[in-house]
>>> print(open('query15.cif').read())   # mmCIF, C-alpha atoms
data_model
loop_
_atom_site.label_atom_id
_atom_site.label_comp_id
_atom_site.auth_asym_id
_atom_site.auth_seq_id
_atom_site.Cartn_x
_atom_site.Cartn_y
_atom_site.Cartn_z
CA MET L 213 -18.40 -110.80 -123.58
CA SER L 214 -21.50 -108.62 -123.70
CA TYR L 215 -22.80 -106.34 -120.99
CA GLN L 216 -26.38 -105.99 -119.71
CA THR L 217 -26.05 -102.20 -119.54
CA ILE L 218 -23.96 -99.74 -121.53
CA TRP L 219 -23.99 -95.98 -121.89
CA TYR L 220 -22.69 -93.25 -124.12
CA LYS L 221 -21.84 -89.78 -122.90
CA THR L 222 -23.09 -87.93 -125.96
CA LYS L 223 -22.03 -84.46 -127.02
CA LEU L 224 -25.61 -83.20 -127.24
CA PRO L 225 -25.29 -79.45 -126.57
CA LYS L 226 -26.99 -77.87 -123.55
CA TYR L 227 -29.08 -75.52 -125.71
CA VAL L 228 -30.48 -78.50 -127.67
CA ILE L 229 -31.49 -80.33 -124.49
CA ASP L 230 -32.95 -77.11 -123.06
CA SER L 231 -35.04 -76.51 -126.18
CA PHE L 232 -36.31 -80.10 -126.13
CA VAL L 233 -37.29 -79.84 -122.44
CA GLU L 234 -39.06 -76.50 -123.05
CA GLU L 235 -40.92 -77.97 -126.03
CA THR L 236 -41.96 -81.05 -124.03
CA GLU L 237 -43.09 -79.09 -120.98
CA ASP L 238 -45.84 -77.62 -123.22
CA ILE L 239 -47.30 -81.11 -123.73
CA ASN L 240 -49.89 -82.27 -121.20
CA ILE L 241 -47.71 -83.94 -118.56
CA SER L 242 -49.67 -85.98 -116.02
CA GLN L 243 -49.24 -88.36 -113.09
CA SER L 244 -47.58 -91.63 -114.16
CA THR L 245 -49.48 -94.88 -114.23
CA ILE L 246 -48.32 -98.46 -114.41
CA LYS L 247 -49.71 -101.42 -116.37
CA ASP L 248 -53.33 -101.03 -117.53
CA ASN L 249 -53.25 -97.28 -116.63
CA ILE L 250 -53.41 -98.00 -112.90
CA LEU L 251 -52.15 -95.28 -110.58
CA ASN L 252 -50.10 -96.94 -107.82
CA VAL L 253 -47.99 -94.41 -105.93
CA ARG L 254 -46.33 -97.16 -103.88
CA THR L 255 -44.77 -98.46 -107.12
CA ARG L 256 -44.25 -95.24 -109.02
CA LYS L 257 -44.66 -91.56 -108.41
CA SER L 258 -43.64 -89.28 -111.28
CA LYS L 259 -45.13 -87.35 -114.18
CA THR L 260 -45.06 -88.40 -117.83
CA CYS L 261 -46.20 -87.54 -121.32
CA TRP L 262 -45.78 -89.31 -124.66
CA ILE L 263 -43.72 -88.11 -127.61
CA PRO L 264 -44.01 -89.57 -131.12
CA GLN L 265 -41.02 -91.71 -132.07
CA SER L 266 -40.83 -89.66 -135.29
CA HIS L 267 -39.67 -86.65 -133.22
CA TRP L 268 -35.96 -85.86 -133.81
CA ILE L 269 -35.09 -87.16 -130.31
CA GLY L 270 -36.29 -90.59 -131.49
CA GLY L 271 -33.75 -90.57 -134.33
CA PHE L 272 -31.01 -89.51 -131.93
CA ALA L 273 -31.86 -92.38 -129.57
CA THR L 274 -32.21 -94.92 -132.39
CA HIS L 275 -28.66 -94.19 -133.56
CA TYR L 276 -27.18 -95.07 -130.17
CA VAL L 277 -29.49 -98.02 -129.49
CA MET L 278 -28.69 -99.65 -132.85
CA GLN L 279 -24.97 -99.05 -132.30
CA ALA L 280 -25.17 -100.67 -128.85
CA ASN L 281 -27.12 -103.60 -130.26
CA GLN L 282 -24.61 -104.13 -133.07
CA PHE L 283 -21.53 -104.03 -130.84
CA ASN L 284 -22.87 -105.50 -127.61
CA PHE L 285 -26.32 -107.07 -127.40
CA GLY L 286 -26.75 -108.68 -130.85
CA TYR L 287 -30.53 -109.02 -130.44
CA ASP L 288 -33.00 -109.66 -133.24
CA LEU L 289 -34.92 -106.36 -133.33
CA VAL L 290 -37.83 -105.04 -135.39
CA LYS L 291 -38.71 -101.46 -136.27
CA THR L 292 -41.89 -100.32 -134.54
CA PRO L 293 -42.25 -96.65 -135.50
CA ASP L 294 -45.65 -96.28 -133.85
CA ARG L 295 -44.28 -96.82 -130.31
CA PRO L 296 -44.00 -93.45 -128.55
CA LEU L 297 -41.20 -92.30 -126.27
CA GLN L 298 -41.91 -91.34 -122.68
CA TYR L 299 -40.84 -88.02 -121.23
CA THR L 300 -40.60 -88.44 -117.45
CA SER L 301 -40.19 -85.84 -114.74
CA TYR L 302 -39.43 -86.66 -111.10
CA ASP L 303 -39.72 -83.94 -108.45
CA LYS L 304 -38.93 -84.01 -104.74
CA GLY L 305 -40.28 -87.21 -103.13
CA GLU L 306 -40.98 -88.94 -106.46
CA PHE L 307 -39.50 -92.31 -107.51
CA TYR L 308 -40.01 -95.57 -109.44
CA ASN L 309 -39.44 -98.78 -107.44
CA TRP L 310 -37.67 -101.93 -108.72
CA HIS L 311 -39.19 -103.21 -111.97
CA VAL L 312 -38.39 -104.66 -115.39
CA ASP L 313 -39.56 -103.24 -118.71
CA THR L 314 -40.55 -106.49 -120.39
CA ILE L 315 -43.93 -106.65 -122.05
CA ASP L 316 -44.95 -109.64 -124.16
CA GLU L 317 -47.49 -109.11 -126.87
CA VAL L 318 -48.75 -112.66 -127.29
CA GLU L 319 -50.87 -111.90 -130.34
CA THR L 320 -47.94 -110.36 -132.27
CA GLY L 321 -45.04 -112.38 -130.85
CA ILE L 322 -43.18 -109.12 -130.15
CA VAL L 323 -41.37 -108.42 -126.85
CA ARG L 324 -39.40 -105.51 -125.43
CA LYS L 325 -35.71 -106.37 -125.70
CA LEU L 326 -33.82 -103.13 -125.09
CA SER L 327 -34.69 -100.14 -122.95
CA PHE L 328 -33.02 -96.76 -122.94
CA THR L 329 -32.96 -93.58 -120.87
CA ILE L 330 -31.62 -90.21 -121.99
CA GLN L 331 -30.55 -87.97 -119.09
CA LEU L 332 -31.98 -84.47 -119.65
CA SER L 333 -31.11 -83.03 -116.23
CA ALA L 334 -27.63 -82.17 -115.07
CA PRO L 335 -26.34 -83.85 -111.87
CA GLU L 336 -26.48 -80.52 -110.01
CA ASP L 337 -30.22 -80.12 -110.88
CA TYR L 338 -31.27 -82.73 -108.33
CA SER L 339 -30.14 -84.96 -105.47
CA GLY L 340 -31.23 -88.57 -105.12
CA GLY L 341 -33.03 -89.86 -108.20
CA GLU L 342 -30.24 -92.22 -109.22
CA LEU L 343 -31.02 -94.78 -111.90
CA GLN L 344 -29.95 -98.00 -110.17
CA PHE L 345 -29.58 -101.47 -111.68
CA LEU L 346 -29.51 -104.99 -110.23
CA ASP L 347 -27.40 -107.38 -112.32
CA ASP L 348 -27.62 -111.17 -112.65
CA GLY L 349 -25.18 -111.57 -109.73
CA ASN L 350 -27.42 -109.45 -107.44
CA ASN L 351 -24.91 -106.59 -107.54
CA THR L 352 -26.27 -103.05 -107.75
CA PHE L 353 -24.75 -100.13 -109.61
CA PHE L 354 -25.76 -96.66 -110.74
CA ALA L 355 -25.92 -95.16 -114.22
CA PRO L 356 -24.08 -91.89 -114.81
CA LYS L 357 -26.07 -88.71 -114.18
CA GLU L 358 -24.33 -86.50 -116.76
CA ARG L 359 -26.70 -84.54 -118.96
CA GLY L 360 -27.03 -86.00 -122.47
CA THR L 361 -25.95 -89.51 -121.43
CA ILE L 362 -27.96 -92.33 -123.01
CA ILE L 363 -28.14 -95.54 -121.00
CA ILE L 364 -29.12 -98.70 -122.92
CA PHE L 365 -29.96 -101.95 -121.16
CA ASP L 366 -31.63 -105.32 -121.50
CA SER L 367 -35.35 -104.79 -120.77
CA ARG L 368 -35.32 -107.86 -118.48
CA MET L 369 -32.87 -106.16 -116.12
CA ARG L 370 -34.25 -104.96 -112.78
CA HIS L 371 -33.86 -101.24 -112.22
CA ARG L 372 -35.33 -98.32 -110.32
CA VAL L 373 -35.18 -94.55 -109.92
CA LYS L 374 -34.45 -93.73 -106.30
CA LYS L 375 -36.50 -91.09 -104.50
CA ILE L 376 -35.65 -87.49 -105.39
CA ARG L 377 -34.40 -85.66 -102.30
CA ASP L 378 -34.30 -82.23 -103.91
CA GLY L 379 -34.70 -80.64 -107.35
CA SER L 380 -36.04 -82.25 -110.51
CA ARG L 381 -34.86 -85.11 -112.74
CA LYS L 382 -36.02 -85.22 -116.37
CA SER L 383 -35.44 -88.00 -118.86
CA ILE L 384 -36.63 -89.63 -122.06
CA VAL L 385 -37.39 -93.35 -121.86
CA GLY L 386 -37.98 -95.72 -124.74
CA TRP L 387 -37.99 -99.36 -125.72
CA VAL L 388 -36.95 -101.41 -128.73
CA GLU L 389 -38.71 -104.65 -129.56
CA GLY L 390 -38.06 -107.91 -131.31
CA PRO L 391 -39.50 -111.36 -131.85
CA SER L 392 -40.17 -113.50 -128.77
CA TRP L 393 -37.08 -114.98 -127.11
CA LYS L 394 -36.19 -118.47 -128.31
#
>>> encode(input="query15.cif", output="structure tokens")
Amino acid sequence: MSYQTIWYKTKLPKYVIDSFVEETEDINISQSTIKDNILNVRTRKSKTCWIPQSHWIGGFATHYVMQANQFNFGYDLVKTPDRPLQYTSYDKGEFYNWHVDTIDEVETGIVRKLSFTIQLSAPEDYSGGELQFLDDGNNTFFAPKERGTIIIFDSRMRHRVKKIRDGSRKSIVGWVEGPSWK
């Protein structure tokens, strides 16, 4: 049996996460947009910036994503090193409503198959802001909030980030692609 969502509570030290967040905060972080760079604050309200996949955090994520794929998902994946990772920050009142991460590139035959989120904030840094999933049986559940946890899930799975009630939630988001589903 395979699962639609799995996570690893990594041993990434606090000082490493702190240094990554400090480094990323220097990048131009701006209001998030959705498809075709449209700003729609009813769908999503957060701030983002893009990080090259060649950054060390990309290698860290790739290790866990490939492990999850090998032992759970078993998807046909392709390496797309030019796809950046997304650093996302949610402050009080910010959110991302229910959505899926699938994007089909008709001309290349490549689709998003796996999505991942790395928790950079500790649970005590914010209230609300839970990463919530909706499974095939219409059951909802929450991902862990522990700092350093990487959550890996099928990109077709509905999910959201609930509204932040207080504090700030920071994460890295990325996607892994493969040939079109058969």
>>> residues_around(input="query15.cif", residues="range 257-262 of chain L", least_positions_apart="3", cutoff="12 Å", atoms="all atoms listed in the file", output="NGL selection string")
:L and (233 or 235-246 or 250-254 or 265-267 or 270 or 294-309 or 341 or 372-376 or 380-386)
>>> atom_distance(input="query15.cif", atom1="CA of Leu289 in chain L", atom2="CA of Glu389 in chain L")
5.6 Å
>>> closest_residue(input="query15.cif", among="L:His371, L:Ile364, L:Asp230, L:Pro335", to="Asn351 in chain L", atoms="all atoms listed in the file")
L:His371
>>> residues_around(input="query15.cif", residues="Pro356 in chain L", least_positions_apart="2", cutoff="10 Å", atoms="all atoms listed in the file", output="list in words")
Trp219, Tyr220, Lys221, Gln331, Pro335, Glu342, Leu343, Gln344, Phe353, Phe354, Glu358, Arg359, Thr361, Ile362 and Ile363 of chain L
>>> residues_around(input="query15.cif", residues="Tyr287 in chain L", least_positions_apart="3", cutoff="12 Å", atoms="all atoms listed in the file", output="ChimeraX atom specification")
/L:214,216,277-284,290,323-326,365-367,388-394
>>> atom_distance(input="query15.cif", atom1="CA of Ala273 in chain L", atom2="CA of Thr217 in chain L")
15.2 Å
>>> atom_distance(input="query15.cif", atom1="CA of Tyr227 in chain L", atom2="CA of Ile269 in chain L")
13.9 Å
>>> closest_residue(input="query15.cif", among="L:Phe345, L:Ile218, L:Trp387, L:Pro225", to="Gly360 in chain L", atoms="only C-alpha atoms")
L:Pro225
>>> resolve_selection(input="query15.cif", expression="the PyMOL selection byres ((chain L and resi 313) around 7)", output="PyMOL selection string")
chain L and resi 311-312+314-315+367-368
>>> closest_residue(input="query15.cif", among="L:Lys223, L:Ser333, L:Met369, L:Asp378", to="Asp348 in chain L", atoms="all atoms listed in the file")
L:Met369
